[in-house]
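**Student:** Structure supplied as final.txt; contents: compact mmCIF, C-alpha atoms.
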# COMPACT_ATOMS: atom_id res chain seq x y z
CA MET A 1028 0.00 0.00 0.00
CA ALA A 1029 1.32 3.45 -0.93
CA GLU A 1030 2.41 5.66 1.93
CA ILE A 1031 -0.12 8.37 2.67
CA TYR A 1032 1.23 11.89 3.04
CA ARG A 1033 -0.42 13.21 6.16
CA ARG A 1034 -1.38 16.82 6.78
CA PRO A 1035 -2.19 16.85 10.51
CA GLU A 1036 -1.46 20.54 11.08
CA LEU A 1037 -3.86 21.64 8.34
CA ALA A 1038 -6.52 19.21 9.58
CA ALA A 1039 -6.17 20.37 13.19
CA GLN A 1040 -6.45 24.00 12.13
CA MET A 1041 -9.57 23.33 10.07
CA ALA A 1042 -11.16 21.25 12.83
CA LYS A 1043 -10.60 24.07 15.30
CA GLN A 1044 -12.09 26.65 12.92
CA LEU A 1045 -15.14 24.46 12.36
CA LEU A 1046 -15.81 23.26 15.90
CA HIS A 1047 -14.53 26.20 17.94
CA PRO A 1048 -14.72 29.15 15.57
CA GLY A 1049 -13.36 32.54 16.47
CA VAL A 1050 -15.24 35.69 15.48
CA LEU A 1051 -13.92 35.65 11.92
CA ASP A 1052 -14.71 31.96 11.45
CA GLU A 1053 -18.28 31.94 12.77
CA GLY A 1054 -19.57 31.98 9.19
CA LEU A 1055 -18.32 28.42 8.80
CA ARG A 1056 -21.34 27.32 10.82
CA SER A 1057 -23.39 28.17 7.71
CA GLY A 1058 -21.43 25.58 5.73
CA LEU A 1059 -18.00 25.09 4.19
CA PHE A 1060 -17.48 24.19 0.52
CA LEU A 1061 -14.06 23.13 -0.79
CA SER A 1062 -13.38 22.89 -4.52
CA GLY A 1063 -10.41 21.32 -6.28
CA LEU A 1064 -9.65 19.25 -9.35
CA ARG A 1065 -10.03 15.47 -9.31
CA ARG A 1066 -7.17 13.35 -7.98
CA THR A 1067 -5.53 16.20 -6.07
CA GLY A 1068 -5.95 14.42 -2.74
CA LYS A 1069 -9.24 15.87 -1.46
CA THR A 1070 -10.78 12.55 -0.45
CA THR A 1071 -7.47 11.26 0.95
CA PHE A 1072 -7.24 14.39 3.11
CA LEU A 1073 -10.82 14.05 4.28
CA LEU A 1074 -10.55 10.38 5.23
CA ASN A 1075 -7.05 10.35 6.70
CA ASP A 1076 -6.67 13.81 8.19
CA LEU A 1077 -9.77 15.95 8.58
CA ILE A 1078 -12.27 13.32 9.73
CA PRO A 1079 -9.87 11.88 12.37
CA ALA A 1080 -9.12 15.43 13.57
CA LEU A 1081 -12.83 16.21 13.88
CA GLU A 1082 -13.51 12.93 15.70
CA ASP A 1083 -10.54 13.40 18.03
CA ALA A 1084 -12.06 16.76 18.94
CA GLY A 1085 -15.29 14.98 19.91
CA ALA A 1086 -17.42 15.51 16.80
CA LEU A 1087 -19.64 12.87 15.24
CA VAL A 1088 -18.87 12.69 11.51
CA ILE A 1089 -21.11 11.35 8.74
CA TYR A 1090 -19.30 10.99 5.40
CA VAL A 1091 -20.76 10.19 1.99
CA ASP A 1092 -19.15 10.23 -1.46
CA LEU A 1093 -21.65 11.03 -4.22
CA TRP A 1094 -19.17 9.68 -6.76
CA SER A 1095 -19.10 6.26 -5.12
CA ASP A 1096 -22.22 5.25 -7.06
CA THR A 1097 -23.25 7.67 -9.78
CA GLN A 1098 -26.24 5.47 -10.67
CA THR A 1099 -27.80 6.00 -7.23
CA SER A 1100 -29.43 9.33 -6.47
CA PRO A 1101 -27.47 11.72 -4.20
CA ALA A 1102 -30.43 11.87 -1.83
CA ALA A 1103 -30.47 8.08 -1.42
CA LEU A 1104 -26.70 8.00 -0.76
CA VAL A 1105 -26.89 10.68 1.92
CA LEU A 1106 -29.95 9.14 3.54
CA SER A 1107 -28.24 5.73 3.60
CA ALA A 1108 -25.15 7.19 5.30
CA VAL A 1109 -27.27 8.98 7.91
CA LYS A 1110 -29.32 5.85 8.64
CA LYS A 1111 -26.17 3.75 9.01
CA THR A 1112 -24.82 6.22 11.58
CA LEU A 1113 -28.14 6.21 13.44
CA ALA A 1114 -28.11 2.41 13.50
CA ASP A 1115 -24.51 2.39 14.79
CA LEU A 1116 -25.48 4.81 17.56
CA GLN A 1117 -28.13 2.33 18.67
CA THR A 1118 -25.57 -0.48 18.77
CA PRO A 1119 -23.65 -0.55 22.09
CA ALA A 1120 -20.54 -2.22 20.65
CA SER A 1121 -20.24 0.00 17.57
CA SER A 1122 -16.94 1.83 17.07
CA ILE A 1123 -18.65 5.17 16.60
CA LEU A 1124 -20.42 4.87 19.94
CA GLN A 1125 -17.29 3.76 21.74
CA LYS A 1126 -15.39 6.72 20.31
CA LEU A 1127 -18.10 9.13 21.42
CA LYS A 1128 -17.88 7.72 24.93
CA ARG A 1129 -14.10 7.87 24.97
CA VAL A 1130 -13.48 11.21 23.31
CA GLY A 1131 -16.64 13.14 24.01
CA GLY A 1132 -17.58 11.58 27.30
CA ALA A 1133 -21.11 10.95 26.04
CA ASP A 1134 -23.34 9.37 28.66
CA VAL A 1135 -25.49 7.03 26.60
CA GLY A 1136 -25.93 4.14 28.96
CA ALA A 1137 -25.36 0.49 28.21
CA PHE A 1138 -27.79 0.12 25.34
CA GLY A 1139 -26.82 2.91 22.97
CA PHE A 1140 -28.98 5.79 21.82
CA LYS A 1141 -32.75 5.61 22.11
CA PHE A 1142 -34.48 7.60 19.42
CA GLY A 1143 -38.08 8.71 19.45
CA PHE A 1144 -38.56 7.48 15.89
CA LYS A 1145 -37.99 4.39 13.76
CA LEU A 1146 -35.05 4.36 11.38
CA ASP A 1147 -37.26 3.33 8.46
CA SER A 1148 -39.26 6.53 8.87
CA VAL A 1149 -36.27 8.86 8.39
CA GLY A 1150 -36.59 10.69 5.09
CA ALA A 1151 -39.80 8.88 4.17
CA GLU A 1152 -42.83 10.85 3.07
CA GLY A 1153 -44.71 11.90 6.18
CA GLY A 1154 -41.99 10.39 8.36
CA THR A 1155 -39.12 11.77 10.43
CA THR A 1156 -37.19 14.55 8.70
CA LEU A 1157 -33.40 14.73 8.63
CA ALA A 1158 -33.66 17.85 10.76
CA GLN A 1159 -35.64 16.00 13.44
CA ALA A 1160 -33.35 12.97 13.38
CA LEU A 1161 -30.11 14.96 13.56
CA THR A 1162 -31.49 17.22 16.28
CA GLU A 1163 -32.05 14.15 18.45
CA VAL A 1164 -28.51 12.98 17.71
CA VAL A 1165 -27.04 16.33 18.79
CA ASP A 1166 -29.16 16.41 21.93
CA GLN A 1167 -28.23 12.88 23.01
CA ALA A 1168 -24.58 12.97 21.98
CA LYS A 1169 -24.15 16.52 23.30
CA THR A 1170 -21.62 17.23 20.61
CA ASP A 1171 -21.30 18.59 17.10
CA VAL A 1172 -22.53 16.57 14.13
CA VAL A 1173 -20.52 17.09 10.95
CA VAL A 1174 -21.95 15.91 7.63
CA ILE A 1175 -19.39 15.73 4.82
CA VAL A 1176 -20.62 15.26 1.25
CA ASP A 1177 -17.81 14.52 -1.22
CA GLU A 1178 -18.40 15.54 -4.87
CA VAL A 1179 -21.32 17.62 -3.66
CA GLN A 1180 -21.92 19.20 -7.09
CA HIS A 1181 -23.70 16.00 -8.14
CA ALA A 1182 -26.51 16.92 -5.74
CA ILE A 1183 -27.76 19.68 -8.02
CA THR A 1184 -28.08 17.40 -11.04
CA SER A 1185 -31.50 16.20 -9.88
CA GLU A 1186 -34.50 17.53 -8.06
CA ASP A 1187 -34.20 15.03 -5.20
CA GLY A 1188 -30.56 16.06 -4.81
CA ASN A 1189 -31.60 19.68 -4.42
CA GLN A 1190 -34.26 18.63 -1.94
CA MET A 1191 -31.60 16.74 0.02
CA LEU A 1192 -29.49 19.89 0.30
CA LEU A 1193 -32.56 21.77 1.50
CA ALA A 1194 -33.16 19.06 4.11
CA LEU A 1195 -29.57 19.42 5.37
CA LYS A 1196 -29.99 23.20 5.50
CA SER A 1197 -33.15 22.66 7.52
CA ALA A 1198 -31.14 20.56 9.98
CA ARG A 1199 -28.61 23.37 10.28
CA ASP A 1200 -31.36 25.93 10.85
CA ALA A 1201 -33.15 23.73 13.38
CA ILE A 1202 -30.06 23.01 15.49
CA ASN A 1203 -27.62 25.90 15.37
CA PRO A 1204 -29.72 28.94 16.38
CA ARG A 1205 -30.89 27.35 19.66
CA PRO A 1206 -29.44 29.37 22.56
CA ASP A 1207 -28.59 26.33 24.68
CA THR A 1208 -27.81 23.80 21.97
CA PRO A 1209 -25.38 21.14 23.28
CA GLY A 1210 -23.81 20.89 19.82
CA HIS A 1211 -23.97 22.28 16.32
CA PHE A 1212 -24.67 20.96 12.85
CA ILE A 1213 -21.77 21.55 10.45
CA PHE A 1214 -21.93 20.85 6.74
CA ILE A 1215 -18.87 20.37 4.54
CA GLY A 1216 -19.20 19.90 0.80
CA THR A 1217 -16.28 19.16 -1.51
CA GLY A 1218 -16.24 19.04 -5.27
CA SER A 1219 -14.04 18.76 -8.32
CA HIS A 1220 -15.86 21.39 -10.36
CA ARG A 1221 -14.94 24.81 -8.97
CA ALA A 1222 -17.63 26.78 -10.78
CA LEU A 1223 -20.41 24.42 -9.73
CA VAL A 1224 -19.26 24.28 -6.12
CA SER A 1225 -19.08 28.07 -5.99
CA GLU A 1226 -22.61 28.29 -7.37
CA LEU A 1227 -23.86 26.23 -4.44
CA THR A 1228 -23.07 29.17 -2.17
CA ALA A 1229 -23.47 32.10 -4.58
CA ARG A 1230 -26.82 31.50 -6.27
CA ARG A 1231 -29.80 32.75 -4.31
CA ASN A 1232 -31.87 29.69 -5.21
CA GLN A 1233 -29.36 27.28 -3.63
CA ALA A 1234 -29.85 25.82 -0.15
CA PHE A 1235 -26.49 26.98 1.21
CA THR A 1236 -26.46 30.49 -0.22
CA GLY A 1237 -24.04 32.62 1.80
CA ALA A 1238 -21.96 29.70 3.09
CA THR A 1239 -18.18 29.81 2.75
CA SER A 1240 -16.65 28.54 -0.50
CA VAL A 1241 -12.85 28.28 -0.76
CA PRO A 1242 -10.34 26.41 -2.95
CA TYR A 1243 -9.09 23.11 -1.56
CA PRO A 1244 -5.55 23.69 -0.22
CA VAL A 1245 -3.67 21.52 -2.69
CA LEU A 1246 -0.44 19.74 -1.91
CA ASN A 1247 2.58 21.94 -2.57
CA GLY A 1248 6.35 22.11 -2.29
CA ASP A 1249 6.33 20.46 1.14
CA TYR A 1250 4.81 17.34 -0.38
CA VAL A 1251 7.33 17.38 -3.24
CA GLU A 1252 10.27 17.70 -0.84
CA HIS A 1253 8.84 14.83 1.22
CA LEU A 1254 8.68 12.75 -1.95
CA LEU A 1255 12.24 13.62 -2.98
CA LYS A 1256 13.56 12.70 0.48
CA ARG A 1257 11.94 9.27 0.25
CA LEU A 1258 13.39 8.76 -3.22
CA ALA A 1259 16.84 9.83 -2.03
CA GLN A 1260 16.72 7.17 0.69
CA GLU A 1261 15.90 4.52 -1.89
CA ALA A 1262 18.26 5.89 -4.58
CA ALA A 1263 15.53 4.87 -6.99
CA VAL A 1264 15.90 7.52 -9.71
CA PRO A 1265 18.14 10.47 -10.63
CA LEU A 1266 16.69 13.29 -8.55
CA PRO A 1267 15.64 16.66 -9.91
CA SER A 1268 16.02 19.82 -7.88
CA ALA A 1269 13.18 20.74 -5.53
CA ALA A 1270 12.34 23.84 -7.57
CA VAL A 1271 12.05 21.95 -10.88
CA ALA A 1272 10.08 19.12 -9.24
CA THR A 1273 7.66 21.58 -7.62
CA HIS A 1274 7.08 23.29 -10.98
CA ALA A 1275 6.48 19.90 -12.61
CA PHE A 1276 3.99 19.05 -9.87
CA ALA A 1277 2.08 22.26 -10.63
CA THR A 1278 2.12 21.39 -14.35
CA LEU A 1279 0.48 18.08 -13.46
CA GLY A 1280 -2.31 19.87 -11.62
CA ASN A 1281 -0.86 19.07 -8.16
CA ARG A 1282 -1.89 15.44 -8.64
CA PRO A 1283 0.22 12.99 -6.61
CA GLU A 1284 -0.44 9.98 -8.86
CA GLU A 1285 0.72 11.85 -11.94
CA MET A 1286 3.80 13.14 -10.12
CA LEU A 1287 4.82 9.61 -9.19
CA LYS A 1288 4.42 8.55 -12.83
CA ALA A 1289 6.65 11.43 -13.91
CA LEU A 1290 9.36 10.60 -11.40
CA ARG A 1291 9.28 6.92 -12.35
CA GLN A 1292 10.08 7.88 -15.93
CA LEU A 1293 13.35 9.45 -14.77
CA ARG A 1294 14.64 5.87 -14.53
CA HIS A 1295 14.85 5.84 -18.30
CA ILE A 1296 16.87 8.98 -18.95
CA PRO A 1297 20.34 8.37 -20.48
CA PRO A 1298 23.26 7.86 -18.08
CA GLY A 1299 24.59 11.22 -17.02
CA GLY A 1300 21.39 12.92 -18.19
CA ASN A 1301 20.12 15.95 -16.29
CA PRO A 1302 16.80 15.19 -14.57
CA ASP A 1303 16.06 18.92 -14.38
CA GLU A 1304 15.98 18.99 -18.19
CA HIS A 1305 13.92 15.83 -18.62
CA LEU A 1306 11.28 16.23 -15.89
CA PRO A 1307 9.51 19.31 -17.37
CA VAL A 1308 9.10 17.51 -20.70
CA ILE A 1309 7.83 14.38 -18.98
CA ALA A 1310 5.35 16.42 -16.90
CA ALA A 1311 3.98 18.25 -19.95
CA THR A 1312 3.51 14.95 -21.78
CA LEU A 1313 1.79 13.26 -18.85
CA ARG A 1314 -0.46 16.26 -18.29
CA SER A 1315 -1.89 15.76 -21.74
CA ALA A 1316 -1.95 11.96 -21.45
CA ALA A 1317 -4.01 12.08 -18.21
CA ALA A 1318 -6.81 13.89 -20.00
CA ASP A 1319 -6.40 11.71 -23.09
CA ILE A 1320 -7.59 8.70 -21.10
CA GLU A 1321 -10.89 10.45 -20.41
CA LEU A 1322 -11.14 11.78 -23.96
CA MET A 1323 -10.55 8.25 -25.28
CA LYS A 1324 -13.61 7.13 -23.34
CA VAL A 1325 -15.60 9.70 -25.28
CA GLU A 1326 -14.24 8.44 -28.62
CA GLN A 1327 -15.06 4.84 -27.68
CA LEU A 1328 -18.71 5.85 -27.31
CA GLY A 1329 -18.75 6.81 -30.99
CA GLY A 1330 -18.90 9.80 -33.27
CA LEU A 1331 -22.17 11.21 -31.96
CA ALA A 1332 -20.89 11.05 -28.38
CA THR A 1333 -17.76 12.93 -29.49
CA ALA A 1334 -19.86 15.61 -31.19
CA ILE A 1335 -22.08 16.04 -28.14
CA PHE A 1336 -19.07 16.22 -25.83
CA GLU A 1337 -17.37 18.79 -28.06
CA ARG A 1338 -20.46 21.00 -28.10
CA ILE A 1339 -20.56 20.94 -24.30
CA ALA A 1340 -16.80 21.35 -23.85
CA SER A 1341 -16.64 24.34 -26.20
CA THR A 1342 -18.87 26.50 -24.00
CA ASP A 1343 -17.40 28.77 -21.35
CA GLY A 1344 -20.32 28.21 -19.00
CA ASP A 1345 -23.54 26.26 -19.24
CA ALA A 1346 -24.17 24.25 -22.40
CA ARG A 1347 -27.78 24.50 -23.48
CA GLY A 1348 -29.72 23.25 -26.45
CA VAL A 1349 -27.87 19.93 -26.51
CA PHE A 1350 -31.03 18.17 -27.76
CA SER A 1351 -32.28 20.89 -30.12
CA SER A 1352 -32.82 20.56 -33.86
CA GLU A 1353 -30.00 23.07 -34.32
CA ALA A 1354 -27.69 20.78 -32.31
CA ALA A 1355 -28.83 17.76 -34.34
CA ALA A 1356 -27.85 19.60 -37.54
CA GLU A 1357 -24.48 20.44 -36.00
CA TYR A 1358 -23.92 16.79 -35.04
CA THR A 1359 -24.96 15.66 -38.54
CA LYS A 1360 -22.33 17.90 -40.12
CA ALA A 1361 -19.68 16.77 -37.62
CA ILE A 1362 -20.08 13.01 -38.11
CA GLY A 1363 -21.22 12.89 -41.74
CA ARG A 1364 -24.52 11.11 -41.24
CA GLU A 1365 -28.00 12.22 -40.31
CA VAL A 1366 -28.66 12.67 -36.61
CA ARG A 1367 -32.26 12.97 -35.48
CA VAL A 1368 -33.23 14.72 -32.26
CA GLU A 1369 -34.41 11.43 -30.78
CA ASP A 1370 -30.94 9.92 -31.38
CA ILE A 1371 -29.26 12.36 -28.99
CA GLN A 1372 -30.70 11.45 -25.59
CA PRO A 1373 -29.48 7.80 -25.41
CA VAL A 1374 -25.92 8.84 -26.31
CA ALA A 1375 -25.98 11.71 -23.83
CA ASN A 1376 -27.10 9.21 -21.21
CA ASP A 1377 -24.03 7.10 -22.04
CA LEU A 1378 -21.80 10.14 -21.46
CA LEU A 1379 -23.56 10.80 -18.17
CA ALA A 1380 -23.17 7.19 -17.06
CA ALA A 1381 -19.44 7.31 -17.88
CA ASN A 1382 -19.17 10.46 -15.72
CA LEU A 1383 -17.80 12.44 -18.66
CA ILE A 1384 -20.53 15.09 -18.60
CA MET A 1385 -22.92 16.13 -15.87
CA ARG A 1386 -26.39 17.61 -15.81
CA ARG A 1387 -26.21 21.02 -14.15
CA GLY A 1388 -29.91 21.76 -14.34
CA HIS A 1389 -32.89 21.23 -16.61
CA GLY A 1390 -31.44 21.10 -20.12
CA VAL A 1391 -28.09 22.41 -18.90
CA TYR A 1392 -24.87 20.37 -19.16
CA GLY A 1393 -21.17 20.69 -18.42
CA VAL A 1394 -17.97 18.64 -18.58
CA THR A 1395 -17.52 16.76 -15.32
CA ASP A 1396 -13.78 17.38 -14.96
CA PRO A 1397 -12.61 20.94 -15.77
CA PHE A 1398 -9.04 19.63 -16.20
CA VAL A 1399 -10.19 17.40 -19.07
CA GLN A 1400 -12.06 20.33 -20.63
CA GLU A 1401 -8.94 22.49 -20.37
CA ILE A 1402 -6.76 19.91 -22.14
CA TRP A 1403 -9.42 19.37 -24.81
CA ARG A 1404 -9.43 23.11 -25.53
CA GLU A 1405 -5.65 23.21 -25.71
CA LYS A 1406 -5.64 20.36 -28.22
CA LYS A 1407 -8.40 22.04 -30.22
CA ALA A 1408 -6.44 25.29 -30.32
CA LEU A 1409 -3.30 23.49 -31.50
CA GLY A 1410 -5.31 21.70 -34.19
CA SER A 1411 -6.74 24.94 -35.51
CA LYS A 1412 -3.23 26.42 -35.86
CA ALA A 1413 -1.85 23.39 -37.69
Produce structure tokens that represent the structure in this file.

**Tutor:**
Amino acid sequence: MAEIYRRPELAAQMAKQLLHPGVLDEGLRSGLFLSGLRRTGKTTFLLNDLIPALEDAGALVIYVDLWSDTQTSPAALVLSAVKKTLADLQTPASSILQKLKRVGGADVGAFGFKFGFKLDSVGAEGGTTLAQALTEVVDQAKTDVVVIVDEVQHAITSEDGNQMLLALKSARDAINPRPDTPGHFIFIGTGSHRALVSELTARRNQAFTGATSVPYPVLNGDYVEHLLKRLAQEAAVPLPSAAVATHAFATLGNRPEEMLKALRQLRHIPPGGNPDEHLPVIAATLRSAAADIELMKVEQLGGLATAIFERIASTDGDARGVFSSEAAAEYTKAIGREVRVEDIQPVANDLLAANLIMRRGHGVYGVTDPFVQEIWREKKALGSKA
């Protein structure tokens, strides 16, 4: 198993800001949204640093990754995670309950939590709302409840996802304003599409309007130096300078997996070759190749899929009219055969299922990974100059 680069200081600082905010951090109680490109270590940081730091500070954390199953609705994934936590709290031997007792000093007796509702009723029509359920958790645990939704932008691709966000906002509004609340509700959303994540806090029609939205603090030169020190101990490859390696890491979008690939290729430089000269070329090549893998998936879905993807990728913001007669004529010209309006939807569904595009609203689409869109545009620009 690969060694995980830990960021305990950053996690401890964030946990303190969230759970014990100073005057300038009190706005975090309205929600915190972190945005950063895919494969930059967001989920690794959440699971290995931030969640342990929050739990060590006594918080009860519920985590759900909306990208873990893109065929299941975001609302169902969140509800499932909440119900699992509720069930664990009712189980005396569960690890989450033992940790609450040990760290938070929760006095829950020998039989776990006793809720005034049945688990099956949570989220059901006419049943117990998330706000009611989480309020009982806060009152019994006498601590903060932190809900973390990874790849949160997928929530706004469907109506039930939007309703789920509203339900979580209702929990926040039911718990936090109480003058004698024994704990608070804290929501953290992370996402790989910066514009979409920002919209979740900027648009007035969104549940968490006014919450804090900041870029995910990507790995930087400290991580690169850590990597170079490990490589020096193993004498595995000719080592570049820290400055050149850090620049290469930035070229690769601050993605650890891609950086490791680049450093591995230094094994193949000629004897006596200068790694500082080779690494920038390797990084530039890999940067393009990483996106090529995703773009190849588009090509494998066929010519119409490629035409649809290109229409969406070419827009600076929201892509509309993807299923219009005008779009069908555009696709017909692009692939050299007639495309009818009714031909478009099944292929668009294939792109959605492959997580290459995402529905941003009714009739509105975007490329799932902005990094892939950026590389596609660069290739398109080069092609037009050729």

**Student:** Counting only C-alpha atoms, select every polymer residue within 10 Å of (-18.4, 15.2, -27.8) as defined in the file's coordinates, and provide the selection as a list in words.

**Tutor:**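 Applying the cut-off with only C-alpha atoms, one gets Leu1322, Val1325, Glu1326, Leu1328, Gly1329, Gly1330, Leu1331, Ala1332, Thr1333, Ala1334, Ile1335, Phe1336, Glu1337, Arg1338, Ile1339, Ala1340, Ser1341, Tyr1358, Val1374, Ala1375, Leu1378, Leu1383, Ile1384 and Val1394 of chain A.
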
**Student:** For a quick check of understanding, using only C-alpha atoms, which of A:Leu1287, A:Val1241, A:Leu1161, A:Ile1296 has the smallest distance to Thr1228 (chain A)?

**Tutor:**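 That would be A:Val1241, the residue with the smallest distance to Thr1228 (chain A).
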
**Student:** Could you tell me which of A:Thr1155, A:Asn1247, A:Thr1118, A:Ser1352 comes closest to Lys1141 (chain A) if we count all atoms listed in the file?

**Tutor:**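 Looking at the shortest contact to Lys1141 (chain A), the residue is A:Thr1118.
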
**Student:** What does the distance from CA of Thr1067 (chain A) to CA of Ser1100 (chain A) come to in Å, to one decimal?

**Tutor:** 24.9 Å

**Student:** Counting all atoms listed in the file, figure out which residue out of A:Gln1233, A:Asn1075, A:Gln1292, A:Asn1301 gets nearest to Pro1035 (chain A).

**Tutor:**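 Nearest candidate to Pro1035 (chain A) out of A:Gln1233, A:Asn1075, A:Gln1292, A:Asn1301: A:Asn1075.
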
**Student:** Excluding Gly1248 (chain A) and any residue of its chain fewer than 2 positions from it, enumerate the residues within 6 Å of it, using all atoms listed in the file, and give them as a list in words.

**Tutor:**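 What passes the distance filter is Tyr1250, Val1251 and Thr1273 of chain A.
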
**Student:** When you count only C-alpha atoms, which of these residues is closest to Arg1056 (chain A): A:Glu1353, A:Glu1304, A:Asp1200, A:Glu1365?

**Tutor:** A:Asp1200

**Student:** So, with all atoms listed in the file as the atoms that count, which of A:Ile1202, A:Ala1194, A:Ala1222, A:Ala1038 lies closest to Asp1396 (chain A)?

**Tutor:** A:Ala1222

**Student:** From the options A:Lys1128, A:His1181, A:Arg1065, A:Lys1324, which residue's atoms come nearest to Ala1102 (chain A), counting all atoms listed in the file?

**Tutor:** A:His1181

**Student:** What is the distance, in Å and to one decimal place, between CA of Thr1071 (chain A) and CA of Pro1283 (chain A)?

**Tutor:**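 About the pair CA of Thr1071 (chain A) and CA of Pro1283 (chain A): they are 10.9 Å apart.
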
**Student:** Mind pulling up the distance from CA of Val1271 (chain A) to CA of Leu1246 (chain A)?

**Tutor:**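 Taking CA of Leu1246 (chain A) and CA of Val1271 (chain A), their separation equals 15.5 Å.
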
**Student:** Write out as number ranges by chain which residues come within 12 Å of Asp1207 (chain A) when counting only C-alpha atoms, dropping same-chain ones fewer than 6 positions away.

**Tutor:** A: 1165-1166, 1169

**Student:** Report as JSON lines the residues of region 1196-1248 of chain A within 12 Å of region 1386-1393 of chain A, each with its shortest atom pair and distance in Å (one decimal), using only C-alpha atoms, ordered by chain and increasing residue number.

**Tutor:**
{"residue": "A:His1220", "atom": "CA", "partner": "A:Gly1393", "partner_atom": "CA", "distance": 9.7}
{"residue": "A:Ala1222", "atom": "CA", "partner": "A:Gly1393", "partner_atom": "CA", "distance": 10.4}
{"residue": "A:Leu1223", "atom": "CA", "partner": "A:Arg1387", "partner_atom": "CA", "distance": 8.0}
{"residue": "A:Val1224", "atom": "CA", "partner": "A:Arg1387", "partner_atom": "CA", "distance": 11.1}
{"residue": "A:Glu1226", "atom": "CA", "partner": "A:Arg1387", "partner_atom": "CA", "distance": 10.6}
{"residue": "A:Leu1227", "atom": "CA", "partner": "A:Arg1387", "partner_atom": "CA", "distance": 11.3}

**Student:** Show me as a VMD selection string the residues that reach within 10 Å of (-28.8, 1.3, 18.5), counting all atoms listed in the file and using the file's own coordinates.

**Tutor:** chain A and resid 1112 to 1121 1124 1138 to 1142 1146

**Student:** Okay, now the selection with C-alpha atoms, as a PDB file, in the coordinates of the input?

**Tutor:**
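The resulting file, again_31.pdb, is shown below:
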ATOM      1  CA  THR A1112     -24.820   6.220  11.580  1.00  0.00           C
ATOM      2  CA  LEU A1113     -28.140   6.210  13.440  1.00  0.00           C
ATOM      3  CA  ALA A1114     -28.110   2.410  13.500  1.00  0.00           C
ATOM      4  CA  ASP A1115     -24.510   2.390  14.790  1.00  0.00           C
ATOM      5  CA  LEU A1116     -25.480   4.810  17.560  1.00  0.00           C
ATOM      6  CA  GLN A1117     -28.130   2.330  18.670  1.00  0.00           C
ATOM      7  CA  THR A1118     -25.570  -0.480  18.770  1.00  0.00           C
ATOM      8  CA  PRO A1119     -23.650  -0.550  22.090  1.00  0.00           C
ATOM      9  CA  ALA A1120     -20.540  -2.220  20.650  1.00  0.00           C
ATOM     10  CA  SER A1121     -20.240   0.000  17.570  1.00  0.00           C
ATOM     11  CA  LEU A1124     -20.420   4.870  19.940  1.00  0.00           C
ATOM     12  CA  PHE A1138     -27.790   0.120  25.340  1.00  0.00           C
ATOM     13  CA  GLY A1139     -26.820   2.910  22.970  1.00  0.00           C
ATOM     14  CA  PHE A1140     -28.980   5.790  21.820  1.00  0.00           C
ATOM     15  CA  LYS A1141     -32.750   5.610  22.110  1.00  0.00           C
ATOM     16  CA  PHE A1142     -34.480   7.600  19.420  1.00  0.00           C
ATOM     17  CA  LEU A1146     -35.050   4.360  11.380  1.00  0.00           C
TER      18      LEU A1146
END

**Student:** Can you pull out the residues contacting Asp1092 (chain A)? Cut-off 10 Å, using all atoms listed in the file, and skip same-chain residues under 5 positions away; I want them as a list in words.

**Tutor:**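 That gives Thr1070, Thr1097, Pro1101, Leu1104, Val1105, Ala1108, Ile1175, Val1176, Asp1177, Glu1178, Val1179, His1181, Gly1216 and Thr1217 of chain A.
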
**Student:** Kindly output region 1067-1076 of chain A as a compact mmCIF listing (two decimals), keeping the file's coordinate frame, after building N, CA and C atoms.

**Tutor:**
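What follows is the written file out25.txt:
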# COMPACT_ATOMS: atom_id res chain seq x y z
N THR A 1067 -6.51 15.33 -6.73
CA THR A 1067 -5.53 16.20 -6.07
C THR A 1067 -5.42 15.90 -4.58
N GLY A 1068 -6.10 14.84 -4.12
CA GLY A 1068 -5.95 14.42 -2.74
C GLY A 1068 -7.04 14.87 -1.80
N LYS A 1069 -8.16 15.39 -2.33
CA LYS A 1069 -9.24 15.87 -1.46
C LYS A 1069 -9.79 14.76 -0.58
N THR A 1070 -10.18 13.65 -1.21
CA THR A 1070 -10.78 12.55 -0.45
C THR A 1070 -9.77 11.93 0.51
N THR A 1071 -8.52 11.79 0.07
CA THR A 1071 -7.47 11.26 0.95
C THR A 1071 -7.32 12.14 2.18
N PHE A 1072 -7.34 13.45 1.98
CA PHE A 1072 -7.24 14.39 3.11
C PHE A 1072 -8.44 14.26 4.03
N LEU A 1073 -9.62 14.17 3.46
CA LEU A 1073 -10.82 14.05 4.28
C LEU A 1073 -10.77 12.80 5.16
N LEU A 1074 -10.47 11.66 4.53
CA LEU A 1074 -10.55 10.38 5.23
C LEU A 1074 -9.41 10.17 6.22
N ASN A 1075 -8.22 10.65 5.88
CA ASN A 1075 -7.05 10.35 6.70
C ASN A 1075 -6.61 11.48 7.62
N ASP A 1076 -7.10 12.68 7.38
CA ASP A 1076 -6.67 13.81 8.19
C ASP A 1076 -7.84 14.55 8.84
